[in-house]
>>> print(open('run38.cif').read())   # mmCIF, C-alpha atoms
data_input
#
loop_
_atom_site.label_atom_id
_atom_site.label_comp_id
_atom_site.auth_asym_id
_atom_site.auth_seq_id
_atom_site.Cartn_x
_atom_site.Cartn_y
_atom_site.Cartn_z
CA MET A 17 26.52 -46.43 -9.34
CA ARG A 18 24.11 -43.51 -9.27
CA LEU A 19 22.78 -44.65 -12.64
CA PHE A 20 21.55 -47.91 -11.07
CA SER A 21 20.15 -46.47 -7.86
CA ARG A 22 16.57 -47.33 -6.98
CA PRO A 23 15.19 -43.83 -7.66
CA ALA A 24 16.92 -43.75 -11.04
CA LEU A 25 15.60 -47.18 -11.98
CA THR A 26 12.11 -46.16 -10.85
CA ARG A 27 12.22 -43.05 -13.01
CA ARG A 28 13.45 -45.01 -16.02
CA ALA A 29 10.76 -47.66 -15.53
CA GLY A 30 8.12 -44.94 -15.31
CA THR A 31 9.43 -43.31 -18.46
CA LEU A 32 9.42 -46.64 -20.30
CA ALA A 33 5.89 -47.45 -19.13
CA ALA A 34 4.67 -44.03 -20.26
CA ALA A 35 6.30 -44.53 -23.66
CA VAL A 36 4.68 -47.95 -24.04
CA ARG A 37 1.28 -46.53 -23.13
CA GLY A 38 1.77 -43.73 -25.65
CA TYR A 39 2.72 -46.10 -28.47
CA THR A 40 -0.18 -48.42 -27.60
CA ALA A 41 -2.65 -45.54 -27.66
CA ARG A 42 -1.35 -44.37 -31.05
CA ALA A 43 -1.57 -47.92 -32.43
CA ARG A 44 -5.18 -48.19 -31.27
CA ARG A 45 -6.06 -44.87 -32.89
CA TYR A 46 -4.38 -46.01 -36.10
CA VAL A 47 -6.38 -49.24 -36.20
CA ARG A 48 -9.65 -47.47 -35.35
CA GLY A 49 -8.98 -45.08 -38.25
CA ALA A 50 -8.96 -47.97 -40.74
CA PRO A 51 -11.69 -50.40 -39.64
CA GLY A 52 -12.25 -51.89 -43.08
CA ALA A 53 -8.60 -52.76 -43.64
CA TYR A 54 -8.21 -54.45 -40.27
CA VAL A 55 -11.51 -56.36 -40.43
CA TRP A 56 -10.37 -57.68 -43.82
CA LEU A 57 -6.98 -58.54 -42.35
CA ALA A 58 -8.64 -60.36 -39.45
CA ALA A 59 -10.73 -62.38 -41.92
CA LEU A 60 -7.54 -63.33 -43.76
CA LEU A 61 -6.04 -64.51 -40.48
CA VAL A 62 -9.02 -66.80 -39.88
CA THR A 63 -8.89 -68.28 -43.39
CA THR A 64 -5.11 -68.70 -43.19
CA VAL A 65 -5.46 -70.67 -39.95
CA LEU A 66 -8.14 -72.82 -41.59
CA MET A 67 -5.83 -73.53 -44.53
CA HIS A 68 -3.11 -74.78 -42.20
CA HIS A 69 -5.53 -77.49 -41.03
CA MET A 70 -6.30 -78.70 -44.58
CA SER A 71 -4.48 -81.43 -46.43
CA GLN A 72 -2.67 -80.33 -49.58
CA GLU A 73 -5.13 -82.13 -51.85
CA PHE A 74 -8.20 -80.74 -50.08
CA GLU A 75 -6.74 -77.23 -49.99
CA THR A 76 -6.11 -77.23 -53.74
CA ALA A 77 -9.62 -78.43 -54.55
CA PHE A 78 -11.15 -76.06 -51.98
CA LEU A 79 -9.32 -72.99 -53.33
CA ARG A 80 -9.98 -73.89 -56.95
CA GLN A 81 -13.73 -73.66 -56.26
CA ARG A 82 -13.14 -70.14 -54.96
CA SER A 83 -10.75 -69.11 -57.73
CA THR A 84 -11.42 -66.38 -60.24
CA ASN A 85 -10.47 -68.68 -63.09
CA ILE A 86 -12.29 -68.79 -66.41
CA HIS A 87 -14.45 -71.76 -65.47
CA GLU A 88 -15.66 -70.33 -62.15
CA LEU A 89 -16.12 -66.82 -63.57
CA SER A 90 -18.35 -68.21 -66.30
CA THR A 91 -20.54 -70.11 -63.82
CA HIS A 92 -20.38 -68.28 -60.46
CA PRO A 93 -18.84 -64.85 -61.17
CA VAL A 94 -20.12 -62.90 -58.17
CA ARG A 95 -19.42 -65.66 -55.66
CA VAL A 96 -15.82 -66.23 -56.72
CA LEU A 97 -15.01 -62.53 -57.08
CA ILE A 98 -16.01 -62.10 -53.44
CA SER A 99 -14.70 -65.34 -51.96
CA SER A 100 -11.32 -65.16 -53.72
CA ALA A 101 -10.54 -61.95 -51.84
CA PHE A 102 -10.55 -63.75 -48.48
CA TRP A 103 -7.90 -66.38 -49.12
CA ILE A 104 -4.14 -66.11 -49.45
CA ASP A 105 -2.42 -68.41 -51.92
CA GLY A 106 1.20 -68.51 -50.83
CA GLY A 107 2.93 -65.95 -48.64
CA GLY A 108 2.47 -65.63 -44.92
CA TRP A 109 -0.24 -63.70 -43.13
CA LEU A 110 2.33 -61.59 -41.27
CA SER A 111 3.68 -60.15 -44.50
CA TYR A 112 0.15 -59.11 -45.45
CA ALA A 113 -0.35 -57.61 -41.98
CA VAL A 114 2.59 -55.31 -42.72
CA LEU A 115 1.37 -54.48 -46.23
CA TYR A 116 -2.17 -53.80 -45.06
CA SER A 117 -0.90 -51.50 -42.31
CA VAL A 118 1.42 -49.61 -44.63
CA PHE A 119 -0.87 -49.28 -47.66
CA HIS A 120 -4.51 -50.26 -47.08
CA ALA A 121 -4.76 -48.60 -43.67
CA GLN A 122 -3.09 -45.42 -44.90
CA ALA A 123 -5.44 -45.23 -47.88
CA GLU A 124 -8.54 -45.84 -45.77
CA ARG A 125 -7.53 -43.23 -43.19
CA TRP A 126 -6.97 -40.75 -46.02
CA LEU A 127 -9.92 -41.51 -48.30
CA GLY A 128 -12.46 -42.86 -45.86
CA THR A 129 -13.76 -46.41 -45.87
CA LEU A 130 -16.14 -46.10 -48.83
CA ARG A 131 -13.68 -44.51 -51.26
CA TRP A 132 -10.86 -46.81 -50.20
CA LEU A 133 -13.09 -49.84 -50.67
CA THR A 134 -14.17 -48.53 -54.08
CA VAL A 135 -10.54 -48.41 -55.23
CA ALA A 136 -9.78 -51.86 -53.83
CA VAL A 137 -12.88 -53.49 -55.32
CA ALA A 138 -12.39 -51.81 -58.70
CA ALA A 139 -8.80 -53.03 -58.89
CA HIS A 140 -9.71 -56.55 -57.74
CA VAL A 141 -12.67 -56.99 -60.09
CA LEU A 142 -11.51 -55.16 -63.21
CA ALA A 143 -7.95 -56.52 -63.14
CA THR A 144 -9.35 -60.02 -62.72
CA LEU A 145 -11.62 -59.61 -65.74
CA VAL A 146 -8.82 -58.14 -67.86
CA SER A 147 -6.27 -60.82 -66.96
CA GLU A 148 -8.70 -63.73 -67.34
CA GLY A 149 -9.97 -62.24 -70.59
CA ALA A 150 -6.40 -62.16 -71.88
CA LEU A 151 -5.92 -65.76 -70.77
CA LEU A 152 -9.11 -66.81 -72.57
CA TRP A 153 -7.86 -65.11 -75.74
CA ALA A 154 -4.53 -66.96 -75.39
CA ILE A 155 -6.32 -70.30 -74.98
CA ARG A 156 -8.50 -69.72 -78.05
CA HIS A 157 -5.44 -68.85 -80.13
CA GLY A 158 -3.40 -71.83 -78.98
CA LEU A 159 -1.01 -69.79 -76.86
CA ALA A 160 -2.07 -71.39 -73.57
CA PRO A 161 -3.34 -74.89 -72.74
CA HIS A 162 -7.08 -75.44 -72.33
CA SER A 163 -6.43 -76.70 -68.79
CA ALA A 164 -5.71 -73.08 -67.82
CA VAL A 165 -9.46 -72.46 -67.57
CA ASN A 166 -9.27 -74.18 -64.16
CA THR A 167 -6.14 -72.48 -62.89
CA LEU A 168 -5.86 -71.64 -59.20
CA ASP A 169 -6.28 -67.89 -58.74
CA VAL A 170 -7.16 -66.48 -55.33
CA GLY A 171 -5.68 -63.68 -53.28
CA VAL A 172 -5.72 -60.00 -52.49
CA SER A 173 -2.76 -58.79 -54.53
CA TYR A 174 -4.79 -57.03 -57.25
CA ALA A 175 -6.65 -54.93 -54.69
CA LEU A 176 -3.38 -54.18 -52.93
CA ALA A 177 -1.68 -53.07 -56.15
CA GLY A 178 -4.53 -50.69 -56.93
CA VAL A 179 -4.36 -49.12 -53.48
CA VAL A 180 -0.57 -48.87 -53.64
CA ALA A 181 -0.96 -46.95 -56.90
CA VAL A 182 -3.69 -44.56 -55.71
CA LEU A 183 -1.49 -43.55 -52.78
CA THR A 184 0.66 -41.76 -55.35
CA TYR A 185 -1.76 -38.85 -55.01
CA ARG A 186 -1.33 -38.82 -51.23
CA ILE A 187 2.24 -37.59 -51.63
CA ALA A 188 3.14 -34.04 -52.57
CA ALA A 189 5.13 -33.26 -55.71
CA PRO A 190 7.94 -33.76 -56.51
CA TRP A 191 8.14 -36.67 -54.05
CA ARG A 192 5.16 -38.43 -55.63
CA TYR A 193 7.04 -38.90 -58.88
CA GLY A 194 9.75 -40.87 -57.11
CA TYR A 195 7.07 -42.99 -55.45
CA LEU A 196 5.38 -43.57 -58.82
CA VAL A 197 8.66 -44.65 -60.38
CA GLY A 198 9.09 -47.12 -57.53
CA VAL A 199 5.59 -48.53 -58.06
CA LEU A 200 6.19 -48.95 -61.79
CA ALA A 201 9.58 -50.52 -61.08
CA VAL A 202 7.91 -53.14 -58.90
CA TYR A 203 5.01 -54.02 -61.20
CA GLY A 204 6.35 -53.19 -64.67
CA PRO A 205 9.34 -55.53 -65.19
CA PRO A 206 7.44 -58.73 -64.26
CA LEU A 207 4.92 -57.95 -67.02
CA ILE A 208 7.74 -57.57 -69.54
CA VAL A 209 9.81 -60.55 -68.38
CA GLY A 210 7.24 -63.01 -67.06
CA ARG A 211 4.26 -62.07 -69.24
CA THR A 212 1.84 -64.18 -67.20
CA PHE A 213 -1.84 -63.35 -66.77
CA THR A 214 -1.10 -62.59 -63.10
CA ASP A 215 1.59 -60.06 -64.06
CA LEU A 216 -0.91 -58.46 -66.42
CA GLY A 217 -3.46 -58.34 -63.60
CA HIS A 218 -1.05 -56.61 -61.25
CA PHE A 219 -0.06 -53.98 -63.79
CA THR A 220 -3.69 -53.44 -64.74
CA SER A 221 -4.47 -52.90 -61.05
CA VAL A 222 -1.82 -50.19 -60.90
CA LEU A 223 -3.37 -48.42 -63.89
CA ILE A 224 -6.81 -48.69 -62.28
CA GLY A 225 -5.48 -47.20 -59.05
CA LEU A 226 -3.96 -44.29 -60.94
CA ALA A 227 -7.23 -43.82 -62.83
CA CYS A 228 -9.04 -43.32 -59.51
CA TYR A 229 -7.78 -39.74 -59.23
CA PRO A 230 -11.34 -38.30 -59.32
CA LEU A 231 -12.03 -40.16 -56.06
CA VAL A 232 -9.10 -38.57 -54.25
CA ARG A 233 -9.51 -34.93 -55.27
CA HIS A 234 -10.11 -32.48 -52.44
CA ARG A 235 -9.13 -35.03 -49.78
CA GLY A 236 -6.93 -32.58 -47.93
CA PRO A 237 -3.34 -31.48 -48.45
CA ALA A 238 -0.87 -34.02 -49.76
CA TRP A 239 1.76 -35.40 -47.42
CA ASN A 240 5.15 -33.73 -47.85
CA PRO A 241 7.97 -36.09 -46.80
CA GLY A 242 10.42 -33.18 -46.79
CA GLU A 243 8.41 -31.32 -44.16
CA THR A 244 8.06 -34.46 -42.07
CA LEU A 245 11.79 -35.10 -42.22
CA GLY A 246 12.44 -31.51 -41.20
CA ARG A 247 10.16 -31.84 -38.15
CA VAL A 248 11.87 -35.07 -37.13
CA ARG A 249 15.30 -33.44 -37.38
CA GLU A 250 14.15 -30.43 -35.37
CA SER A 251 12.64 -32.66 -32.70
CA PHE A 252 15.87 -34.64 -32.51
CA ARG A 253 17.91 -31.45 -32.16
CA ARG A 254 15.66 -30.17 -29.36
CA ARG A 255 15.95 -33.43 -27.47
CA ARG A 256 19.70 -33.44 -27.95
CA ARG A 257 20.01 -29.90 -26.65
CA GLY A 258 17.82 -30.79 -23.69
CA GLY A 259 19.92 -33.85 -22.96
CA ASP A 260 23.13 -31.83 -23.17
CA GLY A 261 21.69 -29.25 -20.81
CA THR A 262 20.74 -31.90 -18.26
CA ALA A 263 24.20 -33.42 -18.44
CA ARG A 264 25.85 -30.02 -17.72
CA ASP A 265 23.67 -29.52 -14.65
#
>>> encode(input="run38.cif", output="structure tokens")
Amino acid sequence: MRLFSRPALTRRAGTLAAAVRGYTARARRYVRGAPGAYVWLAALLVTTVLMHHMSQEFETAFLRQRSTNIHELSTHPVRVLISSAFWIDGGGWLSYAVLYSVFHAQAERWLGTLRWLTVAVAAHVLATLVSEGALLWAIRHGLAPHSAVNTLDVGVSYALAGVVAVLTYRIAAPWRYGYLVGVLAVYGPPLIVGRTFTDLGHFTSVLIGLACYPLVRHRGPAWNPGETLGRVRESFRRRRRGGDGTARD
């Protein structure tokens, strides 16, 4: 009964409130440390809401005008390269909120907004040009239908893949090699099995991200997961010893 006494409940409520305030403060600091990523994410939320109010026919025509397909790239290259990065074709916004927080925000906090944006833009633009160039070659050689010049191609996945790849250098060796294997395992097999221009674009983005090593040099010590795990274990042991000591009193 002592566990549910009013003083005990008051203490527990105070502890919970303090923990919530602490987590909230850390979340705010995290977001403030990556303004570019979260402004971009907010823009994607707005455009996603707008898409939900479009009919299927209007949405398709609307996105095709903002697609980085061969037709639009040959007539309005700058406009579509910019506008295509603010619309999501398939997939929910919440999944991108997680991906942006895990990858884009981490990269921006590490590299700074300008360098992070350079990696993202390079991956988005160059991978688009490579993949659409390959598609144009396939059309000219009869390996793809001519209608593919108007294919629907919007989204942020090329930029994301490039940033995912550049984060390889954020991790200390030998852990980074395991991370790199994981990245290649995600983006490599689709290129071999599917062999679509989108798969080529994703893998090209990974290579571009890895090629951005000159941008990440001298950006502070790499993160060592082993050291972090050790600190977490030590903190857990200290708390456990403290809890045992309180119980004996």
>>> residues_around(input="run38.cif", residues="Gly217 (chain A)", least_positions_apart="5", cutoff="9 Å", atoms="all atoms listed in the file", output="list in words")
Ala139, His140, Leu142, Ala143, Thr144, Leu145, Val146, Ser147, Glu148, Tyr174, Thr212 and Val222 of chain A
>>> write_last_selection(input="run38.cif", atoms="C-alpha atoms", output="mmCIF file, keeping the file's coordinate frame")
data_model
loop_
_atom_site.group_PDB
_atom_site.id
_atom_site.type_symbol
_atom_site.label_atom_id
_atom_site.label_comp_id
_atom_site.auth_asym_id
_atom_site.auth_seq_id
_atom_site.Cartn_x
_atom_site.Cartn_y
_atom_site.Cartn_z
ATOM 1 C CA ALA A 139 -8.800 -53.030 -58.890
ATOM 2 C CA HIS A 140 -9.710 -56.550 -57.740
ATOM 3 C CA LEU A 142 -11.510 -55.160 -63.210
ATOM 4 C CA ALA A 143 -7.950 -56.520 -63.140
ATOM 5 C CA THR A 144 -9.350 -60.020 -62.720
ATOM 6 C CA LEU A 145 -11.620 -59.610 -65.740
ATOM 7 C CA VAL A 146 -8.820 -58.140 -67.860
ATOM 8 C CA SER A 147 -6.270 -60.820 -66.960
ATOM 9 C CA GLU A 148 -8.700 -63.730 -67.340
ATOM 10 C CA TYR A 174 -4.790 -57.030 -57.250
ATOM 11 C CA THR A 212 1.840 -64.180 -67.200
ATOM 12 C CA VAL A 222 -1.820 -50.190 -60.900
#
>>> resolve_selection(input="run38.cif", expression="the PyMOL selection byres ((chain A and resi 78-87) around 6)", output="list in words")
Phe74, Glu75, Thr76, Ala77, Glu88, Leu89, Ser90, Val96, Ser99, Ser100, Val165, Asn166, Thr167, Leu168, Asp169 and Val170 of chain A
>>> write_last_selection(input="run38.cif", atoms="C-alpha atoms", output="short mmCIF file (atom, residue, chain, number, x, y, z; two decimals), in the coordinates of the input")
data_model
loop_
_atom_site.label_atom_id
_atom_site.label_comp_id
_atom_site.auth_asym_id
_atom_site.auth_seq_id
_atom_site.Cartn_x
_atom_site.Cartn_y
_atom_site.Cartn_z
CA PHE A 74 -8.20 -80.74 -50.08
CA GLU A 75 -6.74 -77.23 -49.99
CA THR A 76 -6.11 -77.23 -53.74
CA ALA A 77 -9.62 -78.43 -54.55
CA GLU A 88 -15.66 -70.33 -62.15
CA LEU A 89 -16.12 -66.82 -63.57
CA SER A 90 -18.35 -68.21 -66.30
CA VAL A 96 -15.82 -66.23 -56.72
CA SER A 99 -14.70 -65.34 -51.96
CA SER A 100 -11.32 -65.16 -53.72
CA VAL A 165 -9.46 -72.46 -67.57
CA ASN A 166 -9.27 -74.18 -64.16
CA THR A 167 -6.14 -72.48 -62.89
CA LEU A 168 -5.86 -71.64 -59.20
CA ASP A 169 -6.28 -67.89 -58.74
CA VAL A 170 -7.16 -66.48 -55.33
#
>>> closest_residue(input="run38.cif", among="A:Gly242, A:Gly210, A:Thr134, A:Ala154", to="Ile187 (chain A)", atoms="all atoms listed in the file")
A:Gly242
>>> atom_distance(input="run38.cif", atom1="CA of Gln72 (chain A)", atom2="CA of Ala101 (chain A)")
20.1 Å
>>> axis_aligned_box(input="run38.cif", around="region 185-191 of chain A", padding_each_side="5 Å", output="AutoDock Vina command-line options")
--center_x 3.2 --center_y -36.1 --center_z -53.9 --size_x 19.9 --size_y 15.6 --size_z 15.3
>>> closest_atom_pairs(input="run38.cif", of="region 169-201 of chain A", to="region 224-229 of chain A", cutoff="12 Å", atoms="all atoms listed in the file", output="tab-separated table")
residue	atom	partner	partner_atom	distance
A:Tyr174	CA	A:Ile224	CA	9.9
A:Ala175	CA	A:Gly225	CA	9.0
A:Leu176	CA	A:Gly225	CA	9.5
A:Ala177	CA	A:Gly225	CA	7.6
A:Gly178	CA	A:Gly225	CA	4.2
A:Val179	CA	A:Gly225	CA	6.0
A:Val180	CA	A:Gly225	CA	7.5
A:Ala181	CA	A:Gly225	CA	5.0
A:Val182	CA	A:Gly225	CA	4.6
A:Leu183	CA	A:Gly225	CA	8.3
A:Thr184	CA	A:Leu226	CA	7.7
A:Tyr185	CA	A:Tyr229	CA	7.4
A:Arg186	CA	A:Tyr229	CA	10.3
A:Leu196	CA	A:Leu226	CA	9.6
A:Val199	CA	A:Leu226	CA	10.8
A:Leu200	CA	A:Leu226	CA	11.2
>>> atom_distance(input="run38.cif", atom1="CA of Val94 (chain A)", atom2="CA of Val135 (chain A)")
17.6 Å
>>> atom_distance(input="run38.cif", atom1="CA of Glu124 (chain A)", atom2="CA of Tyr112 (chain A)")
15.9 Å
>>> residues_near_point(input="run38.cif", point="(-6.4, -70.9, -71.9)", cutoff="6 Å", atoms="all atoms listed in the file", output="MDAnalysis selection string")
chainID A and resid 151:152 154:155 160:162 164:165
>>> resolve_selection(input="run38.cif", expression="the PyMOL selection byres ((chain A and resi 202-204) around 9)", output="list in words")
Ala177, Val197, Gly198, Val199, Leu200, Ala201, Pro205, Pro206, Leu207, Ile208, Val209, Asp215, His218, Phe219 and Val222 of chain A
>>> resolve_selection(input="run38.cif", expression="the PyMOL selection byres ((chain A and resi 49-53) around 6)", output="mmCIF file with C-alpha atoms, in the coordinates of the input")
data_model
loop_
_atom_site.group_PDB
_atom_site.id
_atom_site.type_symbol
_atom_site.label_atom_id
_atom_site.label_comp_id
_atom_site.auth_asym_id
_atom_site.auth_seq_id
_atom_site.Cartn_x
_atom_site.Cartn_y
_atom_site.Cartn_z
ATOM 1 C CA TYR A 46 -4.380 -46.010 -36.100
ATOM 2 C CA VAL A 47 -6.380 -49.240 -36.200
ATOM 3 C CA ARG A 48 -9.650 -47.470 -35.350
ATOM 4 C CA TYR A 54 -8.210 -54.450 -40.270
ATOM 5 C CA VAL A 55 -11.510 -56.360 -40.430
ATOM 6 C CA TRP A 56 -10.370 -57.680 -43.820
ATOM 7 C CA HIS A 120 -4.510 -50.260 -47.080
ATOM 8 C CA ALA A 121 -4.760 -48.600 -43.670
ATOM 9 C CA GLU A 124 -8.540 -45.840 -45.770
ATOM 10 C CA ARG A 125 -7.530 -43.230 -43.190
#
>>> decode(input="run38.cif", residues="region 233-249 of chain A", atoms="N, CA and C atoms", output="PDB file, in the first residue's frame")
ATOM      1  N   ARG A 233      35.915  15.575 -44.458  1.00  0.00           N
ATOM      2  CA  ARG A 233      37.204  15.498 -43.760  1.00  0.00           C
ATOM      3  C   ARG A 233      37.285  16.589 -42.703  1.00  0.00           C
ATOM      4  N   HIS A 234      37.936  16.248 -41.603  1.00  0.00           N
ATOM      5  CA  HIS A 234      38.168  17.197 -40.511  1.00  0.00           C
ATOM      6  C   HIS A 234      36.860  17.716 -39.911  1.00  0.00           C
ATOM      7  N   ARG A 235      35.822  16.874 -39.890  1.00  0.00           N
ATOM      8  CA  ARG A 235      34.562  17.278 -39.282  1.00  0.00           C
ATOM      9  C   ARG A 235      34.404  16.707 -37.881  1.00  0.00           C
ATOM     10  N   GLY A 236      35.524  16.531 -37.202  1.00  0.00           N
ATOM     11  CA  GLY A 236      35.477  16.022 -35.841  1.00  0.00           C
ATOM     12  C   GLY A 236      35.655  14.521 -35.798  1.00  0.00           C
ATOM     13  N   PRO A 237      35.825  13.975 -34.598  1.00  0.00           N
ATOM     14  CA  PRO A 237      36.043  12.531 -34.467  1.00  0.00           C
ATOM     15  C   PRO A 237      34.820  11.737 -34.899  1.00  0.00           C
ATOM     16  N   ALA A 238      35.082  10.574 -35.466  1.00  0.00           N
ATOM     17  CA  ALA A 238      33.990   9.702 -35.890  1.00  0.00           C
ATOM     18  C   ALA A 238      33.301   9.096 -34.673  1.00  0.00           C
ATOM     19  N   TRP A 239      32.036   8.777 -34.851  1.00  0.00           N
ATOM     20  CA  TRP A 239      31.261   8.164 -33.773  1.00  0.00           C
ATOM     21  C   TRP A 239      31.642   6.700 -33.636  1.00  0.00           C
ATOM     22  N   ASN A 240      31.953   6.297 -32.398  1.00  0.00           N
ATOM     23  CA  ASN A 240      32.326   4.910 -32.118  1.00  0.00           C
ATOM     24  C   ASN A 240      31.170   4.217 -31.408  1.00  0.00           C
ATOM     25  N   PRO A 241      30.418   3.360 -32.083  1.00  0.00           N
ATOM     26  CA  PRO A 241      29.295   2.676 -31.446  1.00  0.00           C
ATOM     27  C   PRO A 241      29.712   1.836 -30.250  1.00  0.00           C
ATOM     28  N   GLY A 242      30.930   1.285 -30.291  1.00  0.00           N
ATOM     29  CA  GLY A 242      31.399   0.480 -29.168  1.00  0.00           C
ATOM     30  C   GLY A 242      31.522   1.303 -27.900  1.00  0.00           C
ATOM     31  N   GLU A 243      32.067   2.512 -28.015  1.00  0.00           N
ATOM     32  CA  GLU A 243      32.185   3.385 -26.850  1.00  0.00           C
ATOM     33  C   GLU A 243      30.814   3.800 -26.335  1.00  0.00           C
ATOM     34  N   THR A 244      29.903   4.094 -27.242  1.00  0.00           N
ATOM     35  CA  THR A 244      28.547   4.470 -26.831  1.00  0.00           C
ATOM     36  C   THR A 244      27.869   3.329 -26.098  1.00  0.00           C
ATOM     37  N   LEU A 245      28.002   2.124 -26.611  1.00  0.00           N
ATOM     38  CA  LEU A 245      27.411   0.961 -25.962  1.00  0.00           C
ATOM     39  C   LEU A 245      28.010   0.754 -24.582  1.00  0.00           C
ATOM     40  N   GLY A 246      29.323   0.963 -24.465  1.00  0.00           N
ATOM     41  CA  GLY A 246      29.970   0.826 -23.167  1.00  0.00           C
ATOM     42  C   GLY A 246      29.448   1.834 -22.158  1.00  0.00           C
ATOM     43  N   ARG A 247      29.232   3.085 -22.593  1.00  0.00           N
ATOM     44  CA  ARG A 247      28.694   4.102 -21.686  1.00  0.00           C
ATOM     45  C   ARG A 247      27.271   3.770 -21.261  1.00  0.00           C
ATOM     46  N   VAL A 248      26.484   3.245 -22.182  1.00  0.00           N
ATOM     47  CA  VAL A 248      25.110   2.866 -21.841  1.00  0.00           C
ATOM     48  C   VAL A 248      25.105   1.743 -20.818  1.00  0.00           C
ATOM     49  N   ARG A 249      25.968   0.757 -21.009  1.00  0.00           N
ATOM     50  CA  ARG A 249      26.046  -0.350 -20.051  1.00  0.00           C
ATOM     51  C   ARG A 249      26.490   0.133 -18.685  1.00  0.00           C
TER      52      ARG A 249
END
